[in-house]
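K.L.:
Can you read through this structure? Questions will come right after.
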Amino acid sequence: MTRVRNLRVRPDLLYVASGWSTLVTDARGRITGTDPQGFFARNTRVLSVERITVEGREPVPFSTGNVQGHAQLSYAELADGEAMPSRAAYLLTERFVGDGLRTRLTVVSYAQQPLRMAVELRLGADFADTGEAERGRRVQEGGVGASWDAAAGELRLSYLRDDIDRAVAVQVRADGVPVRYADSAFAVEVVVPPHGTARLDVVVEPIFDGERLAAPPATFTEPADPAGSARARLAAELTRLSSSNFDVTAAWRCAVEDLSVLPLGEPAGPTAPMAGLPIYQEIFGRDTMTASWQALLAGPTMLADSLRLNADHLGRRVDDWRDEEPGKPLHEARRGPVSVLGLDPFTSYYGDWSTAPDFLVFLGQYLAWTGDLRTVRELLPTARRALEWIERYGDVDGDGFLEYHRRSPAGLKNQGWKDSDTAVVDEHGRVVPNPIATSELQAYWYAALRHAAVVFTAAGHPARGAALVARAHALRRRFHRAYWLPERGCYAMALGPDKRPVRSVNSNDGHLLTTGIVPARVAPVVAGRLLAPDMFSGWGVRTLSAENPAYNPFSYHRGSVWPVEAGTIGLGLARYGCWAHLHRLAEGMFAAAALFEEHRLPEVLSGLPRDAAHPHPGVYPNSCSPQAWSASSIIALVQALLALRPAAPLRTIFVDPHLPEWLPDLRLEGVQVGGATVDLTVRRRRGGRTSISARGDRLAVVRRPTLLALSARHRR
């Protein structure tokens, strides 16, 4: 097959982010006035254009790149570098993103004589919402006023609307040289000594509702603000991986680096990650928790903070506009003008059915990895409220299954894992109307009951735990009877409003395997169906079968391939001991990662087949990159290959490693379980057998297959 390397998801753009702020530039580091470029604070574009000229000419950078997670550096030539005697001069542009933006412009001279240069800077703001800039279409707008305070040397651009308070203050500072502002431009004349420098600082500070957001210091080291401190903590904590397989090593390194630069720095959960850039820089309940859960092999801090962040945003009232109910976890929260003005409900939107059971599952997983009963007890009231919400609102018709429905006219039609409006279709390609009981929601509910049982028992409530286990067993039996399609070798995608199975073949079955709701006797059949040609593209599992009339390889959920699903499905295949299927899936994902710059998997791959006509899969047109749960999928796949299950209260790790031929060895440094830290080395021996060794704190490493894998093996 033709080799392809270093694909970029959005080759014309660069992103730099910190907390709730993002800088989007062109590939050369410029803000040209083209959507979606600009500096965004709290989902609001406060700098939409920046035009720098030196001696009347706009410098064109020839080298630009991001530094750490929050900074960018570029170089542009200002004078002929080959002239003799030397007149070489360059413009060094350093950008630092925090709550505000600091841009440092340095003219560097290698000339033999002093250089005198006129520098001009024109800035603009339009206060567009992140979503508006991404789509290139405004749904709210207003005029922009400019006022110049000569005494303070400050330009203020203000949004001229009475119903929202948005402004930005700009200062340009030069070393010992006066800065003028006239004709809507800053102007300064600098004199650069021979082999010397001249520097300007451009400070951009948003002002929202009277609060001024400070620009960060000009340093490439992490600042001491909440987002910077969270990044530094994660960078020091996350597990390192090495292997003789370069692609696996590189994909892991990129994954943990991306996760370490994506925290929002929220007070309730500083290291909890945003969903992804550039669209989902916001609190996103299920995405934040899912990424943190999949990344547990790399470290537990993100999940602890993600659970706390979700606990801090439970619904308080019945509010149809926001699809809110008491105890219902938040789906997403944005701060942009479209939401603040009430044009959509997303300042606090609760339209998702999976976040509540996810919270219970991930709380149980956190306990298994850490044994941290103190945090579990702290979050137990939230667990109770999530259970109460499910019991009161999750199954309104009382048929024993969770079914979602939308009340908000501006909310999401589909409120399971696949939440785009056309994600749930029947076998004829027709969109299924609400209410819908999707299969993965029942599986999440089953896993939630089981994990909640462990949590409540460990916290001193064994009777509550026993009752939850009994409910889980009943749900498992009920689910298989209602959803299993033996003639298709898979489960129904959902039950529609008429309670009939939606018979579309789709990727939800991978989630079912992960939760353990699938009986061991049919698990190999389910795994085989997921890896059949119409479902497995060669890179990953399609969200919808290519044989469905609604299949579209570049859609969001009707045939695309999601790396986050590969991580979840991989854990499910390992749970049932379906090693050949897991090895095919993992190879496809690591091969896909190798195609992209820095081995970074985007949010969504297309569902095109992996063949000679398609040397790379392509991506969904509006994919985010980096995306937190695409990064975490790499970590989950490694955990799946090791079949690693922690038991922190027992100070034990259970493993059943099965490495494929293309992955002869793995070394993990700094795996954390129950306060202990160990290094694990796994090697593939002749005939496919593996050896495993551990060094570090006192922690038992026990080779043992999962019970479901043993049961499936026995039945085979």
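Chain identifiers are assigned as A, B, and so on, following the order in which chains appear in the structure tokens; residues are numbered from 1 within each chain, and ligands are numbered from 1 in order of appearance.
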Please identify all polymer residues within 10 Å of stretch 86-91 of chain A, counting only C-alpha atoms, omitting same-chain residues fewer than 6 positions from it, and present them as a list of chain:residue names.
P.N.:
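Within the cut-off, the hits are A:Val54, A:Pro59, A:Val60, A:Pro61, A:Ser74, A:Tyr75, A:Ala76, A:Glu77, A:Leu78, A:Ala79, A:Asp80, A:Leu105, A:Thr106, A:Val107, A:Val108, A:Ser109, A:Tyr110, A:Ala111, A:Gln112, A:Gln113, A:Pro114, A:Leu115, A:Val192, A:Pro194, A:His195, A:Gly196, A:Thr197, A:Ala198, A:Arg199.
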K.L.:
For N, CA, C and O atoms, I'd like the residues from the last selection saved as a compact mmCIF listing (two decimals), in the first residue's frame.
P.N.:
```txt
# COMPACT_ATOMS: atom_id res chain seq x y z
N VAL A 54 6.03 46.02 8.69
CA VAL A 54 7.35 46.59 9.01
C VAL A 54 7.86 47.26 7.74
O VAL A 54 7.98 46.62 6.68
N PRO A 59 5.35 41.13 7.00
CA PRO A 59 6.30 40.00 7.05
C PRO A 59 5.57 38.68 6.85
O PRO A 59 4.46 38.48 7.34
N VAL A 60 6.20 37.78 6.12
CA VAL A 60 5.64 36.45 5.90
C VAL A 60 6.51 35.44 6.62
O VAL A 60 7.65 35.18 6.22
N PRO A 61 6.01 34.88 7.73
CA PRO A 61 6.83 33.93 8.50
C PRO A 61 7.22 32.72 7.64
O PRO A 61 6.43 32.24 6.82
N SER A 74 7.29 32.04 15.85
CA SER A 74 7.50 32.07 14.41
C SER A 74 8.59 33.07 14.06
O SER A 74 8.89 34.00 14.83
N TYR A 75 9.18 32.88 12.86
CA TYR A 75 10.25 33.74 12.37
C TYR A 75 9.87 34.23 10.97
O TYR A 75 9.38 33.46 10.14
N ALA A 76 10.13 35.50 10.72
CA ALA A 76 9.93 36.08 9.39
C ALA A 76 11.14 36.92 9.02
O ALA A 76 11.72 37.60 9.87
N GLU A 77 11.51 36.87 7.74
CA GLU A 77 12.66 37.65 7.27
C GLU A 77 12.22 39.08 6.97
O GLU A 77 11.19 39.31 6.34
N LEU A 78 13.02 40.06 7.44
CA LEU A 78 12.71 41.47 7.22
C LEU A 78 13.64 42.12 6.21
O LEU A 78 13.30 43.14 5.62
N ALA A 79 14.85 41.60 6.07
CA ALA A 79 15.83 42.18 5.14
C ALA A 79 16.62 41.05 4.52
O ALA A 79 16.64 39.93 5.03
N ASP A 80 17.28 41.35 3.44
CA ASP A 80 18.00 40.34 2.69
C ASP A 80 19.10 39.71 3.53
O ASP A 80 20.11 40.35 3.86
N LEU A 105 6.85 40.87 19.95
CA LEU A 105 7.48 41.06 18.64
C LEU A 105 8.91 41.54 18.85
O LEU A 105 9.12 42.60 19.47
N THR A 106 9.85 40.79 18.36
CA THR A 106 11.26 41.15 18.53
C THR A 106 11.93 41.22 17.17
O THR A 106 11.93 40.25 16.41
N VAL A 107 12.48 42.40 16.86
CA VAL A 107 13.28 42.55 15.65
C VAL A 107 14.71 42.19 16.01
O VAL A 107 15.32 42.80 16.90
N VAL A 108 15.24 41.18 15.35
CA VAL A 108 16.59 40.70 15.61
C VAL A 108 17.46 41.06 14.42
O VAL A 108 17.15 40.70 13.27
N SER A 109 18.54 41.79 14.69
CA SER A 109 19.41 42.26 13.61
C SER A 109 20.76 41.56 13.65
O SER A 109 21.35 41.40 14.72
N TYR A 110 21.24 41.18 12.45
CA TYR A 110 22.61 40.70 12.29
C TYR A 110 23.40 41.65 11.39
O TYR A 110 24.46 41.32 10.88
N ALA A 111 22.84 42.88 11.23
CA ALA A 111 23.46 43.87 10.34
C ALA A 111 24.67 44.52 11.02
O ALA A 111 24.79 44.54 12.25
N GLN A 112 25.53 45.11 10.17
CA GLN A 112 26.73 45.79 10.68
C GLN A 112 26.43 47.21 11.12
O GLN A 112 27.21 47.81 11.87
N GLN A 113 25.29 47.76 10.67
CA GLN A 113 24.92 49.13 10.99
C GLN A 113 23.57 49.14 11.70
O GLN A 113 22.78 48.19 11.58
N PRO A 114 23.26 50.23 12.45
CA PRO A 114 21.93 50.33 13.07
C PRO A 114 20.84 50.30 12.00
O PRO A 114 21.01 50.81 10.90
N LEU A 115 19.69 49.70 12.35
CA LEU A 115 18.54 49.64 11.45
C LEU A 115 17.40 50.44 12.05
O LEU A 115 17.07 50.30 13.24
N VAL A 192 17.25 49.50 15.81
CA VAL A 192 17.86 48.24 16.23
C VAL A 192 19.38 48.39 16.11
O VAL A 192 19.89 48.61 15.00
N PRO A 194 23.41 47.41 15.89
CA PRO A 194 24.09 46.32 15.20
C PRO A 194 24.12 45.05 16.07
O PRO A 194 24.44 45.12 17.26
N HIS A 195 23.73 43.95 15.48
CA HIS A 195 23.70 42.66 16.18
C HIS A 195 22.85 42.75 17.46
O HIS A 195 23.10 42.03 18.43
N GLY A 196 21.84 43.63 17.44
CA GLY A 196 21.00 43.81 18.62
C GLY A 196 19.55 43.49 18.35
O GLY A 196 19.18 42.91 17.31
N THR A 197 18.68 43.88 19.28
CA THR A 197 17.25 43.60 19.19
C THR A 197 16.44 44.81 19.59
O THR A 197 16.92 45.70 20.32
N ALA A 198 15.20 44.86 19.15
CA ALA A 198 14.20 45.82 19.61
C ALA A 198 12.91 45.06 19.83
O ALA A 198 12.54 44.21 19.01
N ARG A 199 12.21 45.36 20.90
CA ARG A 199 11.08 44.52 21.31
C ARG A 199 9.82 45.34 21.54
O ARG A 199 9.87 46.45 22.07
```
K.L.:
Hey, what's within 9 Å of A:Pro549 if we count only C-alpha atoms and toss same-chain stuff fewer than 2 positions away? As a list in words, please?
P.N.:
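The contact residues come out as Glu427, His428, Gly429, Arg430, Ala546, Glu547, Tyr551 and Asn552 of chain A.
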K.L.:
Please produce an output containing N, CA and C atoms for each residue in the selection, written as a PDB file, in the first residue's frame.
P.N.:
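That gives us again_33.pdb:
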```pdb
ATOM      1  N   GLU A 427     -33.239  -0.085   9.571  1.00  0.00           N
ATOM      2  CA  GLU A 427     -32.559  -0.872   8.537  1.00  0.00           C
ATOM      3  C   GLU A 427     -32.847  -0.371   7.128  1.00  0.00           C
ATOM      4  N   HIS A 428     -33.876   0.472   6.987  1.00  0.00           N
ATOM      5  CA  HIS A 428     -34.200   1.050   5.687  1.00  0.00           C
ATOM      6  C   HIS A 428     -33.587   2.442   5.518  1.00  0.00           C
ATOM      7  N   GLY A 429     -32.793   2.877   6.502  1.00  0.00           N
ATOM      8  CA  GLY A 429     -32.137   4.175   6.419  1.00  0.00           C
ATOM      9  C   GLY A 429     -33.002   5.343   6.836  1.00  0.00           C
ATOM     10  N   ARG A 430     -34.108   5.078   7.516  1.00  0.00           N
ATOM     11  CA  ARG A 430     -35.008   6.141   7.950  1.00  0.00           C
ATOM     12  C   ARG A 430     -34.683   6.563   9.376  1.00  0.00           C
ATOM     13  N   ALA A 546     -21.829  -0.356   6.404  1.00  0.00           N
ATOM     14  CA  ALA A 546     -21.752   0.192   5.047  1.00  0.00           C
ATOM     15  C   ALA A 546     -22.888  -0.323   4.174  1.00  0.00           C
ATOM     16  N   GLU A 547     -23.608  -1.347   4.625  1.00  0.00           N
ATOM     17  CA  GLU A 547     -24.727  -1.881   3.848  1.00  0.00           C
ATOM     18  C   GLU A 547     -26.046  -1.179   4.156  1.00  0.00           C
ATOM     19  N   TYR A 551     -25.865   4.863   5.047  1.00  0.00           N
ATOM     20  CA  TYR A 551     -24.409   4.921   5.229  1.00  0.00           C
ATOM     21  C   TYR A 551     -23.795   6.097   4.475  1.00  0.00           C
ATOM     22  N   ASN A 552     -22.948   6.828   5.177  1.00  0.00           N
ATOM     23  CA  ASN A 552     -22.180   7.931   4.584  1.00  0.00           C
ATOM     24  C   ASN A 552     -20.830   7.948   5.298  1.00  0.00           C
TER      25      ASN A 552
END
```
K.L.:
Give me the residues near stretch 321-331 of chain A as a list in words, where near means some atom within 7 Å (using only C-alpha atoms) and where sequence neighbours in that chain fewer than 5 positions away do not count.
P.N.:
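Counting only the stated atoms, we get Phe284, Gly285, Arg286, Asn310, His313, Leu314, Gly315, Arg316, Pro345, Ser348, Tyr349, Tyr350, Gly351, Asp352, Thr355, Ala356, Arg385, Ala386, Trp389, Arg406, Arg407 and Ser408 of chain A.
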K.L.:
Please save N, CA, C and O atoms of the selected residues as a CSV table (one decimal), in the first residue's frame.
P.N.:
```csv
chain,number,residue,atom,x,y,z
A,284,PHE,N,-17.8,19.5,29.2
A,284,PHE,CA,-18.6,18.5,28.5
A,284,PHE,C,-18.6,17.2,29.3
A,284,PHE,O,-17.7,16.5,29.3
A,285,GLY,N,-19.7,17.0,30.0
A,285,GLY,CA,-19.8,16.0,31.1
A,285,GLY,C,-19.3,14.7,30.7
A,285,GLY,O,-18.3,14.1,31.2
A,286,ARG,N,-20.0,14.0,29.7
A,286,ARG,CA,-19.6,12.6,29.4
A,286,ARG,C,-18.3,12.5,28.7
A,286,ARG,O,-17.5,11.6,29.0
A,310,ASN,N,-18.2,17.2,37.4
A,310,ASN,CA,-19.6,16.8,37.1
A,310,ASN,C,-20.5,16.8,38.3
A,310,ASN,O,-21.6,17.2,38.2
A,313,HIS,N,-22.1,20.2,38.9
A,313,HIS,CA,-23.0,20.8,37.9
A,313,HIS,C,-24.2,19.9,37.7
A,313,HIS,O,-24.7,19.8,36.6
A,314,LEU,N,-24.8,19.4,38.8
A,314,LEU,CA,-26.0,18.6,38.6
A,314,LEU,C,-27.2,19.5,38.4
A,314,LEU,O,-27.2,20.6,38.9
A,315,GLY,N,-28.2,19.0,37.7
A,315,GLY,CA,-29.4,19.8,37.6
A,315,GLY,C,-30.1,20.0,38.9
A,315,GLY,O,-30.0,19.2,39.8
A,316,ARG,N,-30.8,21.2,39.0
A,316,ARG,CA,-31.5,21.6,40.2
A,316,ARG,C,-33.0,21.7,40.1
A,316,ARG,O,-33.7,21.7,41.1
A,345,PRO,N,-29.6,26.8,24.4
A,345,PRO,CA,-29.7,26.6,25.9
A,345,PRO,C,-28.3,26.1,26.5
A,345,PRO,O,-28.3,25.6,27.6
A,348,SER,N,-25.9,26.0,30.1
A,348,SER,CA,-26.0,24.8,31.0
A,348,SER,C,-27.0,23.9,30.4
A,348,SER,O,-28.2,24.1,30.6
A,349,TYR,N,-26.6,22.9,29.6
A,349,TYR,CA,-27.5,22.1,28.9
A,349,TYR,C,-27.4,20.6,29.4
A,349,TYR,O,-26.3,20.1,29.5
A,350,TYR,N,-28.5,20.0,29.6
A,350,TYR,CA,-28.6,18.7,30.3
A,350,TYR,C,-29.1,17.6,29.4
A,350,TYR,O,-29.4,16.5,29.9
A,351,GLY,N,-29.2,17.8,28.1
A,351,GLY,CA,-29.8,16.9,27.2
A,351,GLY,C,-28.9,15.7,26.9
A,351,GLY,O,-28.5,15.5,25.7
A,352,ASP,N,-28.7,14.8,27.8
A,352,ASP,CA,-27.9,13.6,27.6
A,352,ASP,C,-28.3,12.5,28.6
A,352,ASP,O,-28.5,12.8,29.8
A,355,THR,N,-24.7,10.4,30.7
A,355,THR,CA,-23.8,10.9,31.7
A,355,THR,C,-24.1,10.4,33.1
A,355,THR,O,-23.2,10.2,33.9
A,356,ALA,N,-25.4,10.2,33.4
A,356,ALA,CA,-25.7,9.8,34.8
A,356,ALA,C,-25.2,8.3,35.0
A,356,ALA,O,-24.5,8.1,36.0
A,385,ARG,N,-27.9,11.0,43.9
A,385,ARG,CA,-28.7,11.8,43.1
A,385,ARG,C,-28.8,11.4,41.7
A,385,ARG,O,-29.9,11.4,41.0
A,386,ALA,N,-27.7,10.9,41.1
A,386,ALA,CA,-27.7,10.3,39.8
A,386,ALA,C,-28.6,9.1,39.7
A,386,ALA,O,-29.4,8.9,38.8
A,389,TRP,N,-32.2,10.3,39.8
A,389,TRP,CA,-32.6,10.8,38.5
A,389,TRP,C,-33.0,9.7,37.5
A,389,TRP,O,-34.0,9.7,36.9
A,406,ARG,N,-36.5,14.5,23.8
A,406,ARG,CA,-36.1,15.9,23.9
A,406,ARG,C,-37.3,16.8,24.3
A,406,ARG,O,-38.4,16.6,23.7
A,407,ARG,N,-37.1,17.7,25.2
A,407,ARG,CA,-38.2,18.7,25.5
A,407,ARG,C,-37.8,20.0,25.0
A,407,ARG,O,-38.7,20.8,24.6
A,408,SER,N,-36.5,20.4,24.9
A,408,SER,CA,-36.1,21.7,24.4
A,408,SER,C,-36.2,21.8,22.9
A,408,SER,O,-35.6,20.9,22.2
```
K.L.:
Please produce, as JSON lines, a per-residue contact table for stretch 17-118 of chain A versus stretch 223-236 of chain A (criterion: any atom at most 10 Å away, only C-alpha atoms considered), showing the nearest atom pair and its distance in Å to one decimal, sorted by chain then residue number.
P.N.:
```
{"residue": "A:Ala17", "atom": "CA", "partner": "A:Ala227", "partner_atom": "CA", "distance": 9.7}
{"residue": "A:Ser18", "atom": "CA", "partner": "A:Ala227", "partner_atom": "CA", "distance": 6.2}
{"residue": "A:Gly19", "atom": "CA", "partner": "A:Ala227", "partner_atom": "CA", "distance": 5.2}
{"residue": "A:Trp20", "atom": "CA", "partner": "A:Ala227", "partner_atom": "CA", "distance": 8.8}
{"residue": "A:Gln68", "atom": "CA", "partner": "A:Arg231", "partner_atom": "CA", "distance": 9.7}
{"residue": "A:Gly69", "atom": "CA", "partner": "A:Arg231", "partner_atom": "CA", "distance": 8.4}
{"residue": "A:His70", "atom": "CA", "partner": "A:Gly228", "partner_atom": "CA", "distance": 8.4}
{"residue": "A:Phe96", "atom": "CA", "partner": "A:Pro223", "partner_atom": "CA", "distance": 9.9}
{"residue": "A:Val97", "atom": "CA", "partner": "A:Pro223", "partner_atom": "CA", "distance": 9.9}
{"residue": "A:Gly98", "atom": "CA", "partner": "A:Asp225", "partner_atom": "CA", "distance": 8.1}
{"residue": "A:Asp99", "atom": "CA", "partner": "A:Asp225", "partner_atom": "CA", "distance": 9.0}
```
K.L.:
I need the strand (DSSP E or B) residues of stretch 295-529 of chain A per DSSP on the backbone, written as a list in words.
P.N.:
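Of stretch 295-529 of chain A, only Asp319, Glu324, Glu332, Ala333, Tyr349, Tyr404, Val425, Val431, Ile436, Ala437, Thr438, Trp484, Leu485, Cys490, Tyr491, Ala494, Leu495, Pro501, Val502 and Asn506 of chain A fall in strand (DSSP E or B).
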K.L.:
Could you check which of A:Trp252, A:Trp484, A:Trp539, A:Tyr15 is closest to A:Ala523, using only C-alpha atoms?
P.N.:
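For A:Ala523, the nearest of the candidates is A:Trp484.
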